[in-house]
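Colleague: Next comes the structure file input39.pdb, holding PDB, C-alpha atoms.
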MODEL        1
ATOM      1  CA  MET B   1      15.906   8.276  -0.370
ATOM      2  CA  SER B   2      12.605   8.519  -2.150
ATOM      3  CA  ILE B   3      10.386   5.993  -3.844
ATOM      4  CA  THR B   4       8.986   5.995  -7.372
ATOM      5  CA  THR B   5       5.273   5.279  -7.780
ATOM      6  CA  THR B   6       3.058   4.968 -10.847
ATOM      7  CA  ASN B   7      -0.687   4.390 -10.878
ATOM      8  CA  ILE B   8      -1.218   1.851 -13.666
ATOM      9  CA  VAL B   9      -5.011   1.664 -13.204
ATOM     10  CA  ASP B  10      -7.354   4.089 -11.427
ATOM     11  CA  ASP B  11     -10.941   3.239 -12.309
ATOM     12  CA  THR B  12     -14.225   3.290 -10.402
ATOM     13  CA  ASN B  13     -13.487   0.111  -8.399
ATOM     14  CA  LYS B  14      -9.738  -0.300  -8.041
ATOM     15  CA  VAL B  15      -6.262   1.173  -8.202
ATOM     16  CA  ILE B  16      -3.143  -0.697  -9.296
ATOM     17  CA  THR B  17       0.111   0.977  -8.298
ATOM     18  CA  SER B  18       3.716   0.117  -9.131
ATOM     19  CA  VAL B  19       6.379   1.109  -6.581
ATOM     20  CA  SER B  20      10.172   0.885  -6.647
ATOM     21  CA  GLY B  21      13.024   2.067  -4.470
ATOM     22  CA  ILE B  22      16.466   1.262  -3.112
ATOM     23  CA  GLY B  23      15.913   0.897   0.640
ATOM     24  CA  GLY B  24      16.539   3.034   3.685
ATOM     25  CA  GLU B  25      13.277   4.995   3.315
ATOM     26  CA  THR B  26      11.059   6.099   6.189
ATOM     27  CA  GLU B  27       7.314   6.766   5.889
ATOM     28  CA  GLN B  28       7.389   7.591   2.195
ATOM     29  CA  LEU B  29       4.018   8.348   0.577
ATOM     30  CA  LEU B  30       3.142   5.322  -1.550
ATOM     31  CA  LEU B  31      -0.441   6.316  -2.400
ATOM     32  CA  ASP B  32      -2.321   9.576  -1.828
ATOM     33  CA  ALA B  33      -5.960   8.446  -1.652
ATOM     34  CA  SER B  34      -7.332  11.981  -1.990
ATOM     35  CA  LYS B  35      -5.810  12.290  -5.485
ATOM     36  CA  LEU B  36      -7.459   9.166  -6.858
ATOM     37  CA  SER B  37     -10.204   9.337  -9.447
ATOM     38  CA  LYS B  38     -13.618  10.134  -7.903
ATOM     39  CA  ALA B  39     -12.229  10.482  -4.339
ATOM     40  CA  ASP B  40     -14.266  12.547  -1.889
ATOM     41  CA  SER B  41     -13.077  14.010   1.409
ATOM     42  CA  ALA B  42     -12.724  10.633   3.189
ATOM     43  CA  PRO B  43     -11.575   7.901   0.764
ATOM     44  CA  ARG B  44     -11.012   4.386   2.134
ATOM     45  CA  LEU B  45      -9.181   1.560   0.405
ATOM     46  CA  SER B  46      -8.290  -2.056   1.060
ATOM     47  CA  ILE B  47      -5.312  -3.964  -0.289
ATOM     48  CA  GLU B  48      -6.367  -7.035  -2.244
ATOM     49  CA  ASN B  49      -3.100  -8.198  -3.768
ATOM     50  CA  ILE B  50       0.640  -7.432  -3.643
ATOM     51  CA  HIS B  51       3.351  -8.796  -5.934
ATOM     52  CA  TYR B  52       6.774  -8.082  -4.447
ATOM     53  CA  GLN B  53      10.480  -8.500  -5.203
ATOM     54  CA  ILE B  54      12.718  -7.326  -2.371
ATOM     55  CA  GLN B  55      16.467  -7.742  -2.830
ATOM     56  CA  GLY B  56      18.697  -7.959   0.232
ATOM     57  CA  THR B  57      17.936  -9.276   3.696
ATOM     58  CA  GLY B  58      15.760  -6.379   4.844
ATOM     59  CA  ASN B  59      12.041  -5.787   5.282
ATOM     60  CA  ILE B  60       9.478  -3.384   3.890
ATOM     61  CA  LYS B  61       6.571  -2.260   6.046
ATOM     62  CA  LEU B  62       3.365  -0.713   4.725
ATOM     63  CA  TYR B  63       1.207   1.566   6.891
ATOM     64  CA  TRP B  64      -2.164   3.293   6.755
ATOM     65  CA  ASP B  65      -1.440   6.979   7.405
ATOM     66  CA  ALA B  66      -3.287   8.176  10.532
ATOM     67  CA  GLU B  67      -2.797  10.069  13.779
ATOM     68  CA  ILE B  68      -0.929   6.938  14.897
ATOM     69  CA  ASP B  69       0.024   5.034  11.735
ATOM     70  CA  GLU B  70      -1.422   1.528  11.498
ATOM     71  CA  GLU B  71       0.900  -1.182  10.186
ATOM     72  CA  ILE B  72      -0.650  -3.082   7.303
ATOM     73  CA  LEU B  73       1.932  -5.701   6.449
ATOM     74  CA  GLU B  74       5.636  -6.526   6.554
ATOM     75  CA  LEU B  75       7.219  -8.032   3.448
ATOM     76  CA  ASN B  76      10.587  -9.557   2.550
ATOM     77  CA  GLY B  77      12.026 -11.678  -0.241
ATOM     78  CA  TYR B  78       9.933 -12.496  -3.301
ATOM     79  CA  GLY B  79       6.297 -13.446  -3.496
ATOM     80  CA  ASN B  80       2.645 -12.554  -3.614
ATOM     81  CA  TYR B  81       0.222 -11.594  -0.861
ATOM     82  CA  GLY B  82      -3.504 -12.000  -1.408
ATOM     83  CA  LEU B  83      -3.933 -15.124  -3.527
ATOM     84  CA  ILE B  84      -4.328 -17.606  -0.679
ATOM     85  CA  PRO B  85      -7.817 -17.575   0.937
ATOM     86  CA  SER B  86      -6.306 -17.120   4.410
ATOM     87  CA  GLU B  87      -4.617 -13.886   3.257
ATOM     88  CA  LYS B  88      -7.469 -11.473   3.882
ATOM     89  CA  ASN B  89      -7.857  -8.023   2.334
ATOM     90  CA  LYS B  90      -6.069  -5.431   4.430
ATOM     91  CA  GLU B  91      -8.416  -2.624   5.496
ATOM     92  CA  ILE B  92      -8.116   0.313   7.856
ATOM     93  CA  SER B  93      -9.131  -0.743  11.360
ATOM     94  CA  SER B  94     -12.315   0.837  12.707
ATOM     95  CA  THR B  95     -10.334   1.918  15.795
ATOM     96  CA  THR B  96      -7.657   3.841  13.859
ATOM     97  CA  LEU B  97      -7.636   7.536  14.836
ATOM     98  CA  SER B  98      -7.981  10.098  12.015
ATOM     99  CA  PRO B  99      -7.037   7.895   9.058
ATOM    100  CA  SER B 100      -6.317   9.757   5.817
ATOM    101  CA  GLY B 101      -6.689   6.730   3.532
ATOM    102  CA  ASP B 102      -3.084   7.224   2.356
ATOM    103  CA  VAL B 103      -0.517   4.426   2.324
ATOM    104  CA  LEU B 104       3.056   4.865   3.590
ATOM    105  CA  LEU B 105       6.143   2.714   3.015
ATOM    106  CA  THR B 106       9.236   2.186   5.188
ATOM    107  CA  SER B 107      12.196   0.068   4.059
ATOM    108  CA  ASP B 108      15.168  -0.746   6.239
ATOM    109  CA  SER B 109      18.814  -0.278   5.281
ATOM    110  CA  ASN B 110      19.267  -3.988   4.463
ATOM    111  CA  VAL B 111      16.930  -3.639   1.476
ATOM    112  CA  LYS B 112      19.089  -3.172  -1.628
ATOM    113  CA  LYS B 113      16.328  -2.669  -4.197
ATOM    114  CA  TYR B 114      12.630  -3.506  -4.507
ATOM    115  CA  ASN B 115       9.643  -3.542  -6.824
ATOM    116  CA  LEU B 116       6.032  -3.851  -5.664
ATOM    117  CA  VAL B 117       2.736  -3.921  -7.537
ATOM    118  CA  LEU B 118      -0.265  -3.347  -5.280
ATOM    119  CA  GLU B 119      -3.937  -3.754  -6.124
ATOM    120  CA  PHE B 120      -6.278  -1.649  -3.992
ATOM    121  CA  LYS B 121     -10.072  -1.875  -3.862
ATOM    122  CA  LYS B 122     -11.979   1.388  -3.457
ATOM    123  CA  GLU B 123     -14.137   0.587  -0.426
ATOM    124  CA  LYS B 124     -15.919   3.891   0.274
ATOM    125  CA  GLY B 125     -15.429   7.610  -0.088
ATOM    126  CA  PHE B 126     -15.554   7.628  -3.888
ATOM    127  CA  THR B 127     -18.403   9.047  -5.991
ATOM    128  CA  ALA B 128     -20.189   6.767  -8.429
ATOM    129  CA  SER B 129     -19.622   7.170 -12.166
TER     130      SER B 129
ENDMDL
END
Any chance you could give the structure as structure tokens?
Modeller:
Amino acid sequence: MSITTTNIVDDTNKVITSVSGIGGETEQLLLDASKLSKADSAPRLSIENIHYQIQGTGNIKLYWDAEIDEEILELNGYGNYGLIPSEKNKEISSTTLSPSGDVLLTSDSNVKKYNLVLEFKKEKGFTAS
């Protein structure tokens, strides 16, 4: 299966992306950081906020794409990540080997359908104005 993604906003400071799918996907490209506005050869993002609706009893995992992918977060059910002060921005670890800046998505077979809206902050690797 494949996912459907749409960049709603891609300005100098942030990217807002809408994602939908039907489950059973493995390491699908959710966001290609190199194709974002003003990206240079090593773009880095953080995730500030995620609204999610996941139907079924399964989980969705998000990963930073790297030599060994780094898990960002696991989601299930309905909700929002990022509004509570204890829910910190999710950034690429400084120990991650060869990160591309891209974000991958895996959904298990118990996910029937899902919709996500993710807000990313452009941390570094983007040219000014």
Colleague: Check the smallest atom-to-atom distance from each of B:Ile22, B:Glu71, B:Lys88, B:Leu118 to His51 in chain B using all atoms listed in the file, then report the winner.
Modeller: B:Leu118
Colleague: If the PyMOL selection byres ((chain B and resi 65) around 8) were run on this exact file, what residues would it hold? Put them as a list in words.
Modeller: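 Selection result, ordered by chain and number: Tyr63, Trp64, Ala66, Glu67, Ile68, Asp69, Glu70, Pro99, Ser100, Gly101, Asp102, Val103 and Leu104 of chain B.
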Colleague: Using all atoms listed in the file, which of the listed residues (B:Ser37, B:Thr26, B:Asn80, B:Thr106) sits closest to Asp10 in chain B?
Modeller: B:Ser37
Colleague: Let me make sure I understand: among B:Leu30, B:Val117, B:Ile50, B:Ala42, which one has the smallest atom-to-atom distance to Leu83 in chain B if we use all atoms listed in the file?
Modeller: B:Ile50
Colleague: Just want the 7 Å neighbourhood of Ile3 in chain B, counted on all atoms listed in the file, with same-chain residues fewer than 3 positions away dropped. Output as a list in words.
Modeller: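 Within the cut-off, the hits are Val19, Ser20, Gly21 and Gln28 of chain B.
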Colleague: Which polymer residues have any atom within 6 Å of an atom of Phe126 in chain B, counting all atoms listed in the file, with same-chain residues fewer than 5 positions away left out, as JSON, numbers by chain?
Modeller: {"B": [38, 39, 40]}
Colleague: Run through the PyMOL selection byres ((chain B and resi 123) around 12) on the given coordinates and return the selected residues as a PDB file with C-alpha atoms, keeping the file's coordinate frame.
Modeller:
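Just written: expr01.pdb:
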ATOM      1  CA  THR B  12     -14.225   3.290 -10.402  1.00  0.00           C
ATOM      2  CA  ASN B  13     -13.487   0.111  -8.399  1.00  0.00           C
ATOM      3  CA  LYS B  14      -9.738  -0.300  -8.041  1.00  0.00           C
ATOM      4  CA  VAL B  15      -6.262   1.173  -8.202  1.00  0.00           C
ATOM      5  CA  ALA B  33      -5.960   8.446  -1.652  1.00  0.00           C
ATOM      6  CA  ALA B  39     -12.229  10.482  -4.339  1.00  0.00           C
ATOM      7  CA  ALA B  42     -12.724  10.633   3.189  1.00  0.00           C
ATOM      8  CA  PRO B  43     -11.575   7.901   0.764  1.00  0.00           C
ATOM      9  CA  ARG B  44     -11.012   4.386   2.134  1.00  0.00           C
ATOM     10  CA  LEU B  45      -9.181   1.560   0.405  1.00  0.00           C
ATOM     11  CA  SER B  46      -8.290  -2.056   1.060  1.00  0.00           C
ATOM     12  CA  ILE B  47      -5.312  -3.964  -0.289  1.00  0.00           C
ATOM     13  CA  GLU B  48      -6.367  -7.035  -2.244  1.00  0.00           C
ATOM     14  CA  ASN B  89      -7.857  -8.023   2.334  1.00  0.00           C
ATOM     15  CA  LYS B  90      -6.069  -5.431   4.430  1.00  0.00           C
ATOM     16  CA  GLU B  91      -8.416  -2.624   5.496  1.00  0.00           C
ATOM     17  CA  ILE B  92      -8.116   0.313   7.856  1.00  0.00           C
ATOM     18  CA  GLY B 101      -6.689   6.730   3.532  1.00  0.00           C
ATOM     19  CA  PHE B 120      -6.278  -1.649  -3.992  1.00  0.00           C
ATOM     20  CA  LYS B 121     -10.072  -1.875  -3.862  1.00  0.00           C
ATOM     21  CA  LYS B 122     -11.979   1.388  -3.457  1.00  0.00           C
ATOM     22  CA  LYS B 124     -15.919   3.891   0.274  1.00  0.00           C
ATOM     23  CA  GLY B 125     -15.429   7.610  -0.088  1.00  0.00           C
ATOM     24  CA  PHE B 126     -15.554   7.628  -3.888  1.00  0.00           C
ATOM     25  CA  THR B 127     -18.403   9.047  -5.991  1.00  0.00           C
ATOM     26  CA  ALA B 128     -20.189   6.767  -8.429  1.00  0.00           C
TER      27      ALA B 128
END
Colleague: Find the distance between CA of Leu105 in chain B and CA of Glu25 in chain B and write it in Å to one decimal.
Modeller: 7.5 Å
Colleague: Which protein, DNA or RNA residues are at most 6 Å from (16.3, -3.3, 3.0) in the file's coordinates when you count only C-alpha atoms, listed as a PyMOL selection string?
Modeller: chain B and resi 23+56+58-59+107-112
Colleague: Save the residues we just selected, C-alpha atoms, as an mmCIF file, in the frame of the given file?
Modeller:
data_model
loop_
_atom_site.group_PDB
_atom_site.id
_atom_site.type_symbol
_atom_site.label_atom_id
_atom_site.label_comp_id
_atom_site.auth_asym_id
_atom_site.auth_seq_id
_atom_site.Cartn_x
_atom_site.Cartn_y
_atom_site.Cartn_z
ATOM 1 C CA GLY B 23 15.913 0.897 0.640
ATOM 2 C CA GLY B 56 18.697 -7.959 0.232
ATOM 3 C CA GLY B 58 15.760 -6.379 4.844
ATOM 4 C CA ASN B 59 12.041 -5.787 5.282
ATOM 5 C CA SER B 107 12.196 0.068 4.059
ATOM 6 C CA ASP B 108 15.168 -0.746 6.239
ATOM 7 C CA SER B 109 18.814 -0.278 5.281
ATOM 8 C CA ASN B 110 19.267 -3.988 4.463
ATOM 9 C CA VAL B 111 16.930 -3.639 1.476
ATOM 10 C CA LYS B 112 19.089 -3.172 -1.628
#
Colleague: I need the residue set behind the PyMOL selection byres ((chain B and resi 73) around 8) for this file; please write it as an MDAnalysis selection string.
Modeller: chainID B and resid 61:63 71:72 74:75
Colleague: Could you jot down the CA of Gly82 in chain B to CA of Ile16 in chain B separation for me, Å, one decimal place?
Modeller: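 Rounded to one decimal, the two atoms are 13.8 Å apart.
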Colleague: Given the choices B:Asn49, B:Thr17, B:Asn7, B:Ser41, which gets closest to Pro85 in chain B if the distance is worked out from all atoms listed in the file?
Modeller: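 Closest to Pro85 in chain B of all the choices is B:Asn49.
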Colleague: Distance CA of Leu31 in chain B-CA of Thr4 in chain B, one decimal place?
Modeller: 10.7 Å
Colleague: Centre and edge lengths of an axis-aligned box around all listed atoms of range 22-31 of chain B, with 3 Å added on each side, are to be given in Å to one decimal, as JSON.
Modeller:
{"center_x": 8.0, "center_y": 4.6, "center_z": 1.5, "size_x": 23.0, "size_y": 13.5, "size_z": 15.3}
Colleague: Tell me which of B:Thr5, B:Ile84, B:Gly77, B:Lys35 sits closest to Tyr52 in chain B, counting all atoms listed in the file.
Modeller: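 The answer is B:Gly77, which sits nearest to Tyr52 in chain B.
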Colleague: Which residue gives the smallest distance to Thr57 in chain B among B:Ser18, B:Asn76, B:Ser93, B:Ser34, with only C-alpha atoms counted?
Modeller: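 Between B:Ser18, B:Asn76, B:Ser93, B:Ser34, the residue approaching Thr57 in chain B most closely is B:Asn76.
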